[in-house]
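A.B. asks: Provided below: final_38.csv, containing CSV, C-alpha atoms.
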```csv
chain,number,residue,atom,x,y,z
Q,1400,MET,CA,10.1,26.0,-54.4
Q,1401,LEU,CA,6.8,24.7,-53.0
Q,1402,LYS,CA,8.1,21.2,-52.7
Q,1403,ARG,CA,11.1,22.5,-50.8
Q,1404,LEU,CA,8.8,24.3,-48.3
Q,1405,ILE,CA,6.6,21.3,-47.8
Q,1406,PHE,CA,9.7,19.1,-47.3
Q,1407,ALA,CA,11.2,21.7,-44.8
Q,1408,GLY,CA,8.0,21.6,-42.8
Q,1409,LEU,CA,7.5,17.8,-43.0
Q,1410,VAL,CA,10.9,16.9,-41.6
Q,1411,PRO,CA,10.4,18.6,-38.2
Q,1412,LEU,CA,6.9,17.2,-38.0
Q,1413,LEU,CA,8.2,13.6,-38.6
Q,1414,CYS,CA,10.9,14.2,-35.9
Q,1415,VAL,CA,8.2,15.2,-33.4
Q,1416,VAL,CA,6.0,12.2,-34.3
Q,1417,GLY,CA,9.1,9.9,-34.0
Q,1418,ALA,CA,10.0,11.4,-30.6
Q,1419,ILE,CA,6.4,10.9,-29.3
Q,1420,TYR,CA,6.5,7.3,-30.5
Q,1421,CYS,CA,9.8,6.6,-28.7
Q,1422,ILE,CA,8.4,8.1,-25.5
Q,1423,PHE,CA,5.4,5.8,-25.6
Q,1424,GLN,CA,7.6,2.8,-26.4
Q,1425,MET,CA,9.8,3.6,-23.4
Q,1426,GLU,CA,6.8,3.8,-21.0
Q,1427,PRO,CA,6.2,0.5,-19.2
Q,1428,GLN,CA,3.3,-1.4,-20.7
Q,1429,VAL,CA,0.3,-1.2,-18.4
Q,1430,LYS,CA,-1.6,-4.4,-18.1
Q,1431,ALA,CA,-5.3,-4.4,-17.9
Q,1432,VAL,CA,-6.8,-5.7,-14.7
Q,1433,SER,CA,-10.0,-7.3,-13.6
Q,1434,SER,CA,-12.9,-5.3,-12.2
Q,1435,SER,CA,-14.3,-6.1,-8.7
Q,1436,ASN,CA,-16.4,-4.2,-6.1
Q,1437,ILE,CA,-13.9,-5.2,-3.4
Q,1438,PRO,CA,-12.4,-1.9,-2.1
Q,1439,THR,CA,-8.7,-1.4,-1.5
Q,1440,ILE,CA,-7.9,0.6,1.7
Q,1441,PHE,CA,-4.7,2.5,2.1
Q,1442,ILE,CA,-2.9,3.6,5.4
Q,1443,HIS,CA,0.0,6.0,5.3
Q,1444,GLY,CA,3.1,5.7,7.4
Q,1445,TYR,CA,4.4,7.7,10.4
Q,1446,ARG,CA,4.1,11.5,9.8
Q,1447,GLY,CA,2.2,10.8,6.6
Q,1448,THR,CA,-0.6,12.9,5.2
Q,1449,ASP,CA,-3.4,12.5,2.7
Q,1450,ARG,CA,-0.9,13.1,0.0
Q,1451,SER,CA,1.4,10.2,1.0
Q,1452,LEU,CA,-0.6,7.5,-0.8
Q,1453,HIS,CA,-2.9,9.6,-2.8
Q,1454,GLY,CA,-0.3,9.8,-5.6
Q,1455,MET,CA,-0.5,6.0,-5.9
Q,1456,ILE,CA,-4.3,6.1,-5.7
Q,1457,ARG,CA,-4.4,8.8,-8.4
Q,1458,ARG,CA,-2.1,6.8,-10.7
Q,1459,PHE,CA,-4.3,3.7,-10.3
Q,1460,ASP,CA,-7.3,5.7,-11.2
Q,1461,GLN,CA,-6.2,8.2,-13.8
Q,1462,LYS,CA,-3.0,6.8,-15.3
Q,1463,TYR,CA,-3.7,3.0,-15.4
Q,1464,ASP,CA,-7.5,2.8,-15.1
Q,1465,TRP,CA,-7.1,0.1,-12.5
Q,1466,GLY,CA,-9.5,1.5,-10.0
Q,1467,THR,CA,-11.7,4.4,-8.8
Q,1468,ASP,CA,-10.5,7.1,-6.4
Q,1469,ALA,CA,-13.5,6.9,-4.1
Q,1470,LEU,CA,-13.2,8.0,-0.5
Q,1471,LYS,CA,-10.8,9.8,1.9
Q,1472,VAL,CA,-11.5,8.8,5.5
Q,1473,SER,CA,-10.1,11.3,8.0
Q,1474,VAL,CA,-9.7,10.5,11.7
Q,1475,SER,CA,-9.3,13.3,14.1
Q,1476,PRO,CA,-6.9,13.2,17.1
Q,1477,THR,CA,-10.0,12.4,19.2
Q,1478,GLY,CA,-11.1,9.6,16.9
Q,1479,GLU,CA,-13.9,11.4,15.1
Q,1480,ILE,CA,-14.4,10.2,11.5
Q,1481,SER,CA,-15.2,12.3,8.5
Q,1482,THR,CA,-15.2,11.5,4.8
Q,1483,THR,CA,-14.8,13.2,1.5
Q,1484,GLY,CA,-15.6,11.7,-1.9
Q,1485,SER,CA,-18.2,9.1,-2.8
Q,1486,TYR,CA,-18.4,5.4,-2.6
Q,1487,SER,CA,-20.4,3.2,-5.0
Q,1488,LYS,CA,-20.7,-0.6,-4.8
Q,1489,THR,CA,-20.7,-0.6,-8.6
Q,1490,ALA,CA,-17.4,1.3,-9.0
Q,1491,LYS,CA,-14.5,-0.5,-10.5
Q,1492,ASN,CA,-12.0,-1.5,-7.7
Q,1493,PRO,CA,-12.9,1.4,-5.3
Q,1494,LEU,CA,-9.8,3.0,-3.6
Q,1495,ILE,CA,-10.1,4.4,0.0
Q,1496,ASN,CA,-7.5,6.5,1.7
Q,1497,ILE,CA,-7.4,6.5,5.5
Q,1498,VAL,CA,-5.7,9.6,7.0
Q,1499,PHE,CA,-4.8,10.0,10.6
Q,1500,GLU,CA,-4.7,13.7,11.5
Q,1501,ASP,CA,-2.5,12.9,14.4
Q,1502,ASN,CA,0.1,11.3,12.2
Q,1503,ARG,CA,2.6,10.6,15.0
Q,1504,ALA,CA,0.3,8.5,17.2
Q,1505,THR,CA,1.5,5.2,18.5
Q,1506,ILE,CA,0.8,1.9,16.7
Q,1507,THR,CA,-1.6,1.0,19.5
Q,1508,GLN,CA,-3.6,4.2,18.9
Q,1509,GLN,CA,-3.5,3.8,15.2
Q,1510,SER,CA,-4.8,0.2,15.4
Q,1511,MET,CA,-7.7,1.4,17.6
Q,1512,TRP,CA,-8.6,4.1,15.0
Q,1513,THR,CA,-8.3,1.5,12.2
Q,1514,LYS,CA,-10.8,-0.7,14.0
Q,1515,LYS,CA,-13.1,2.2,14.3
Q,1516,VAL,CA,-12.8,3.1,10.6
Q,1517,MET,CA,-13.4,-0.5,9.5
Q,1518,LEU,CA,-16.6,-0.6,11.6
Q,1519,TYR,CA,-17.7,2.7,10.1
Q,1520,LEU,CA,-17.1,1.5,6.6
Q,1521,GLN,CA,-19.1,-1.6,7.3
Q,1522,ASP,CA,-22.0,0.3,8.9
Q,1523,HIS,CA,-22.1,3.1,6.3
Q,1524,TYR,CA,-21.1,1.4,3.1
Q,1525,ASP,CA,-21.7,-2.3,3.8
Q,1526,ILE,CA,-18.0,-3.1,3.2
Q,1527,ARG,CA,-17.4,-6.7,4.5
Q,1528,GLN,CA,-14.4,-7.6,2.5
Q,1529,PHE,CA,-11.4,-5.5,1.5
Q,1530,ASN,CA,-7.8,-5.4,0.2
Q,1531,ALA,CA,-5.3,-3.6,2.4
Q,1532,VAL,CA,-2.2,-1.5,1.5
Q,1533,GLY,CA,0.1,-0.1,4.2
Q,1534,HIS,CA,3.3,1.9,3.9
Q,1535,SER,CA,5.8,1.7,6.7
Q,1536,MET,CA,4.0,2.2,10.1
Q,1537,GLY,CA,0.7,2.0,8.2
Q,1538,GLY,CA,1.6,-1.7,7.6
Q,1539,GLY,CA,2.1,-1.9,11.4
Q,1540,ALA,CA,-1.5,-0.6,11.9
Q,1541,TRP,CA,-2.8,-3.2,9.6
Q,1542,VAL,CA,-0.8,-6.0,11.4
Q,1543,ALA,CA,-2.2,-4.9,14.8
Q,1544,TYR,CA,-5.7,-4.8,13.4
Q,1545,LEU,CA,-5.5,-8.2,11.7
Q,1546,ALA,CA,-4.0,-9.8,14.8
Q,1547,SER,CA,-7.0,-8.7,16.8
Q,1548,TYR,CA,-10.0,-8.7,14.5
Q,1549,GLU,CA,-9.3,-10.7,11.4
Q,1550,LYS,CA,-11.2,-13.8,12.5
Q,1551,ASN,CA,-14.0,-11.8,14.2
Q,1552,PRO,CA,-17.0,-12.1,11.9
Q,1553,ASP,CA,-18.3,-8.7,13.2
Q,1554,TYR,CA,-15.5,-6.9,11.3
Q,1555,PRO,CA,-14.7,-6.7,7.6
Q,1556,GLN,CA,-12.4,-9.4,6.5
Q,1557,VAL,CA,-9.2,-8.9,4.5
Q,1558,ASN,CA,-8.7,-10.5,1.0
Q,1559,LYS,CA,-5.2,-9.4,0.0
Q,1560,ILE,CA,-2.5,-7.3,1.7
Q,1561,VAL,CA,0.3,-5.2,0.3
Q,1562,PHE,CA,3.1,-4.2,2.7
Q,1563,LEU,CA,5.3,-1.4,1.3
Q,1564,ALA,CA,8.6,-0.8,3.2
Q,1565,VAL,CA,7.0,-2.2,6.4
Q,1566,PRO,CA,9.4,-3.0,9.2
Q,1567,PHE,CA,8.2,-6.3,10.7
Q,1568,TYR,CA,10.6,-6.4,13.7
Q,1569,PRO,CA,8.1,-5.2,16.3
Q,1570,GLU,CA,10.7,-2.9,18.0
Q,1571,GLU,CA,11.1,-0.9,14.9
Q,1572,TYR,CA,7.6,0.6,14.7
Q,1573,VAL,CA,5.8,0.3,18.1
Q,1574,ASN,CA,7.0,3.7,19.1
Q,1575,GLY,CA,6.7,5.7,15.8
Q,1576,ASP,CA,10.0,6.4,14.2
Q,1577,GLU,CA,12.1,5.6,17.3
Q,1578,GLU,CA,13.4,2.0,17.6
Q,1579,VAL,CA,12.7,0.5,20.9
Q,1580,ASP,CA,15.4,-1.6,22.6
Q,1581,ILE,CA,13.7,-4.8,23.7
Q,1582,LYS,CA,15.2,-7.7,25.6
Q,1583,ASN,CA,15.1,-11.2,24.2
Q,1584,ALA,CA,14.3,-9.9,20.7
Q,1585,ASN,CA,14.5,-13.3,19.1
Q,1586,GLU,CA,11.9,-14.7,21.6
Q,1587,VAL,CA,9.6,-11.7,21.0
Q,1588,HIS,CA,9.9,-12.1,17.2
Q,1589,ALA,CA,9.0,-15.8,17.5
Q,1590,LYS,CA,6.0,-15.1,19.7
Q,1591,PHE,CA,4.9,-12.4,17.3
Q,1592,ALA,CA,5.2,-14.7,14.3
Q,1593,SER,CA,3.3,-17.5,16.1
Q,1594,GLN,CA,0.4,-15.0,16.9
Q,1595,MET,CA,0.2,-13.8,13.3
Q,1596,SER,CA,0.2,-17.4,12.0
Q,1597,LYS,CA,-2.7,-18.3,14.2
Q,1598,ASN,CA,-4.8,-15.2,13.6
Q,1599,LEU,CA,-4.6,-14.7,9.8
Q,1600,PRO,CA,-6.6,-17.1,7.6
Q,1601,GLU,CA,-4.6,-19.2,5.2
Q,1602,ASN,CA,-6.4,-18.0,2.1
Q,1603,VAL,CA,-5.2,-14.4,2.5
Q,1604,LYS,CA,-2.6,-13.4,-0.1
Q,1605,ILE,CA,0.3,-11.1,0.8
Q,1606,LEU,CA,2.7,-8.9,-1.2
Q,1607,ILE,CA,5.8,-7.5,0.5
Q,1608,ILE,CA,7.9,-4.9,-1.2
Q,1609,GLY,CA,11.1,-3.4,0.2
Q,1610,GLY,CA,13.8,-1.1,-0.9
Q,1611,ASN,CA,17.6,-1.5,-1.0
Q,1612,LEU,CA,19.7,1.6,-1.9
Q,1613,ASP,CA,22.6,-0.7,-2.6
Q,1614,ASP,CA,24.9,1.7,-0.7
Q,1615,GLY,CA,26.0,-0.8,1.9
Q,1616,SER,CA,23.3,0.0,4.4
Q,1617,ASP,CA,21.1,-3.0,3.3
Q,1618,SER,CA,18.1,-0.6,3.8
Q,1619,ASP,CA,15.9,2.0,2.1
Q,1620,GLY,CA,17.6,4.6,4.2
Q,1621,GLU,CA,15.3,4.0,7.2
Q,1622,VAL,CA,14.2,0.4,7.3
Q,1623,LYS,CA,16.5,-2.6,7.0
Q,1624,ILE,CA,15.6,-5.0,4.2
Q,1625,ASP,CA,16.0,-7.9,6.7
Q,1626,SER,CA,13.1,-6.4,8.8
Q,1627,VAL,CA,10.9,-6.1,5.7
Q,1628,LEU,CA,11.6,-9.6,4.5
Q,1629,TYR,CA,11.0,-11.0,8.0
Q,1630,GLY,CA,7.3,-10.9,7.0
Q,1631,LYS,CA,8.0,-14.2,5.3
Q,1632,LYS,CA,8.5,-15.7,8.7
Q,1633,LEU,CA,5.3,-14.1,10.1
Q,1634,PHE,CA,3.0,-15.4,7.4
Q,1635,THR,CA,4.1,-19.0,7.1
Q,1636,LYS,CA,0.6,-20.4,6.3
Q,1637,GLN,CA,-0.3,-17.8,3.7
Q,1638,GLU,CA,0.8,-17.3,0.1
Q,1639,VAL,CA,3.5,-14.6,0.2
Q,1640,GLU,CA,5.1,-12.8,-2.7
Q,1641,THR,CA,8.2,-10.6,-2.1
Q,1642,HIS,CA,10.1,-8.1,-4.2
Q,1643,VAL,CA,13.1,-5.8,-3.5
Q,1644,ILE,CA,13.5,-2.6,-5.4
Q,1645,HIS,CA,17.2,-1.8,-5.8
Q,1646,GLY,CA,19.0,1.5,-6.5
Q,1647,PRO,CA,19.2,5.1,-5.2
Q,1648,GLU,CA,15.5,5.8,-6.0
Q,1649,ALA,CA,14.4,3.0,-3.6
Q,1650,THR,CA,14.2,5.3,-0.6
Q,1651,HIS,CA,11.7,4.7,2.2
Q,1652,SER,CA,9.6,7.8,1.4
Q,1653,ASN,CA,9.7,7.1,-2.3
Q,1654,MET,CA,8.5,3.5,-2.3
Q,1655,HIS,CA,4.9,4.5,-3.1
Q,1656,GLU,CA,5.9,6.8,-5.9
Q,1657,LEU,CA,7.8,4.3,-8.1
Q,1658,THR,CA,6.3,2.8,-11.2
Q,1659,ALA,CA,8.4,-0.3,-10.5
Q,1660,VAL,CA,6.3,-0.8,-7.4
Q,1661,ASP,CA,3.1,-0.1,-9.3
Q,1662,LYS,CA,3.7,-2.9,-11.7
Q,1663,TYR,CA,3.8,-5.4,-8.8
Q,1664,VAL,CA,0.9,-3.9,-6.8
Q,1665,GLY,CA,-1.7,-3.4,-9.5
Q,1666,PRO,CA,-1.8,-7.0,-10.9
Q,1667,PHE,CA,-1.5,-8.5,-7.4
Q,1668,LEU,CA,-4.5,-6.6,-6.0
Q,1669,PHE,CA,-6.8,-6.7,-9.0
Q,1670,GLY,CA,-5.6,-9.6,-11.1
Q,1671,GLN,CA,-4.8,-9.5,-14.8
Q,1672,LYS,CA,-7.4,-9.8,-17.5
```
How does the structure come out when it is put into structure tokens?
C.D. replies:
Amino acid sequence: MLKRLIFAGLVPLLCVVGAIYCIFQMEPQVKAVSSSNIPTIFIHGYRGTDRSLHGMIRRFDQKYDWGTDALKVSVSPTGEISTTGSYSKTAKNPLINIVFEDNRATITQQSMWTKKVMLYLQDHYDIRQFNAVGHSMGGGAWVAYLASYEKNPDYPQVNKIVFLAVPFYPEEYVNGDEEVDIKNANEVHAKFASQMSKNLPENVKILIIGGNLDDGSDSDGEVKIDSVLYGKKLFTKQEVETHVIHGPEATHSNMHELTAVDKYVGPFLFGQK
């Protein structure tokens, strides 16, 4: 009788253990990354908030142990800067989230705020080199900043850049989420590409990730994959890595929530051990 009771209790226990084992086996294997004091700075897209990219930051910190959730830098509509959190030069791969309170500002305004934030980070935390991550129009803010200040020694210099679902055709992001109709688009694109090629150092590494719903739209629901991959023509002198995430989950607003994206971004930014 006792044996029967023990066996009856043991079977469900073994089933639970087996189920837990299967779950762990199904989880993608997380690769260990190298540790550096170079911070990675994130900028959200149009109408984004502090939560837009903080999910990715939190995963990098708590789920994968890839980095340290360090600072949130908030920029008011009048350009005033405030911070929450703490930044340490000894932290493992510090992660910084830039948040524009006026999240519908033009790309010109956002690039001016980005410049101000970068000077602030340099003055207050002695940040002189950084990695950049931009989602959607946040990538446009980085492009505008890099085109103007990347070769200026008075500003922090970029090491690696990740563009998530970023439209690289200028007319698609210069006016928020409204596409601008420009004349001689091909000529404008070529001039834009030439400018970026001249202004960005050749040693900068770039990762471009786009989404394709595979529903016939050739887009992530908002941005055409052709516009995303046009980045390869912008950065002709740099080392560029591109990936396209396929399927119904690869929506524009979901790109920074996918583990399929994480597995490319983490090793690219931090390097594998």
A.B. asks: So the first atom is atom CA of Val1643 of chain Q and the second is atom CA of Pro1493 of chain Q; what is the distance between them in Å, to one decimal place?
C.D. replies: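 Spanning atom CA of Val1643 of chain Q to atom CA of Pro1493 of chain Q is a straight-line distance of 27.0 Å.
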A.B. asks: Nearest to Ala1592 of chain Q: which of Q:Phe1562, Q:Trp1465, Q:Tyr1519, Q:Tyr1629 is it, counting all atoms listed in the file?
C.D. replies: Q:Tyr1629
A.B. asks: Given the choices Q:Gly1454, Q:Gly1484, Q:Gly1538, Q:Pro1569, which gets closest to Ile1608 of chain Q if the distance is worked out from only C-alpha atoms?
C.D. replies: Q:Gly1538
A.B. asks: Out of Q:Ser1475, Q:Ser1616, Q:Thr1505, Q:Asn1530, which residue has the shortest atom-to-atom distance to Gly1665 of chain Q when counting only C-alpha atoms?
C.D. replies: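 The answer is Q:Asn1530, which sits nearest to Gly1665 of chain Q.
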A.B. asks: Near Asp1460 of chain Q, counting all atoms listed in the file, which residues have an atom at most 10 Å away, once you skip same-chain residues fewer than 3 positions from it, shown as an MDAnalysis selection string?
C.D. replies: chainID Q and resid 1454:1457 1463:1469 1491:1494
A.B. asks: Just give me the gap between atom CA of Gln1594 of chain Q and atom CA of Val1542 of chain Q in Å, one decimal is fine.
C.D. replies: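 Value for the atom CA of Gln1594 of chain Q-atom CA of Val1542 of chain Q distance: 10.6 Å.
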A.B. asks: Measuring between only C-alpha atoms, which one of Q:Asn1598, Q:Gln1671, Q:Ser1510, Q:Thr1650 shows the shortest distance to Gly1620 of chain Q?
C.D. replies: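 Nearest to Gly1620 of chain Q: Q:Thr1650.
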A.B. asks: With all atoms listed in the file as the basis for distance, which of Q:Met1536, Q:Val1565, Q:Ile1495, Q:Leu1518 is at the shortest distance from Pro1552 of chain Q?
C.D. replies: Q:Leu1518
A.B. asks: Using only C-alpha atoms - which residues lie no farther than 10 Å from the point (10.2, -16.4, 10.0) in the file's frame? Write them as a list of chain:residue names.
C.D. replies: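 Residues with an atom close enough to that point: Q:His1588, Q:Ala1589, Q:Phe1591, Q:Ala1592, Q:Ser1593, Q:Leu1628, Q:Tyr1629, Q:Gly1630, Q:Lys1631, Q:Lys1632, Q:Leu1633, Q:Phe1634, Q:Thr1635.
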A.B. asks: Near Gly1646 of chain Q, within 7 Å and counting only C-alpha atoms, which residues show up once chain neighbours fewer than 4 positions away are dropped, as a list of chain:residue names?
C.D. replies: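 Contacts, with the query itself left out: Q:Asn1611, Q:Leu1612, Q:Asp1613.
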A.B. asks: Quick one: distance from atom CA of Asn1653 of chain Q to atom CA of Asp1617 of chain Q in Å, one decimal?
C.D. replies: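 Between atom CA of Asn1653 of chain Q and atom CA of Asp1617 of chain Q the gap works out to 16.2 Å.
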A.B. asks: Pick out the residues sitting within 10 Å of Ile1480 of chain Q, and hand them over as a list in words; count all atoms listed in the file, and ignore anything fewer than 2 positions along from it in its own chain.
C.D. replies: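 Within the cut-off, the hits are Val1472, Ser1473, Val1474, Ser1475, Pro1476, Thr1477, Gly1478, Thr1482, Ile1497, Val1498, Phe1499, Trp1512, Lys1515, Val1516 and Tyr1519 of chain Q.
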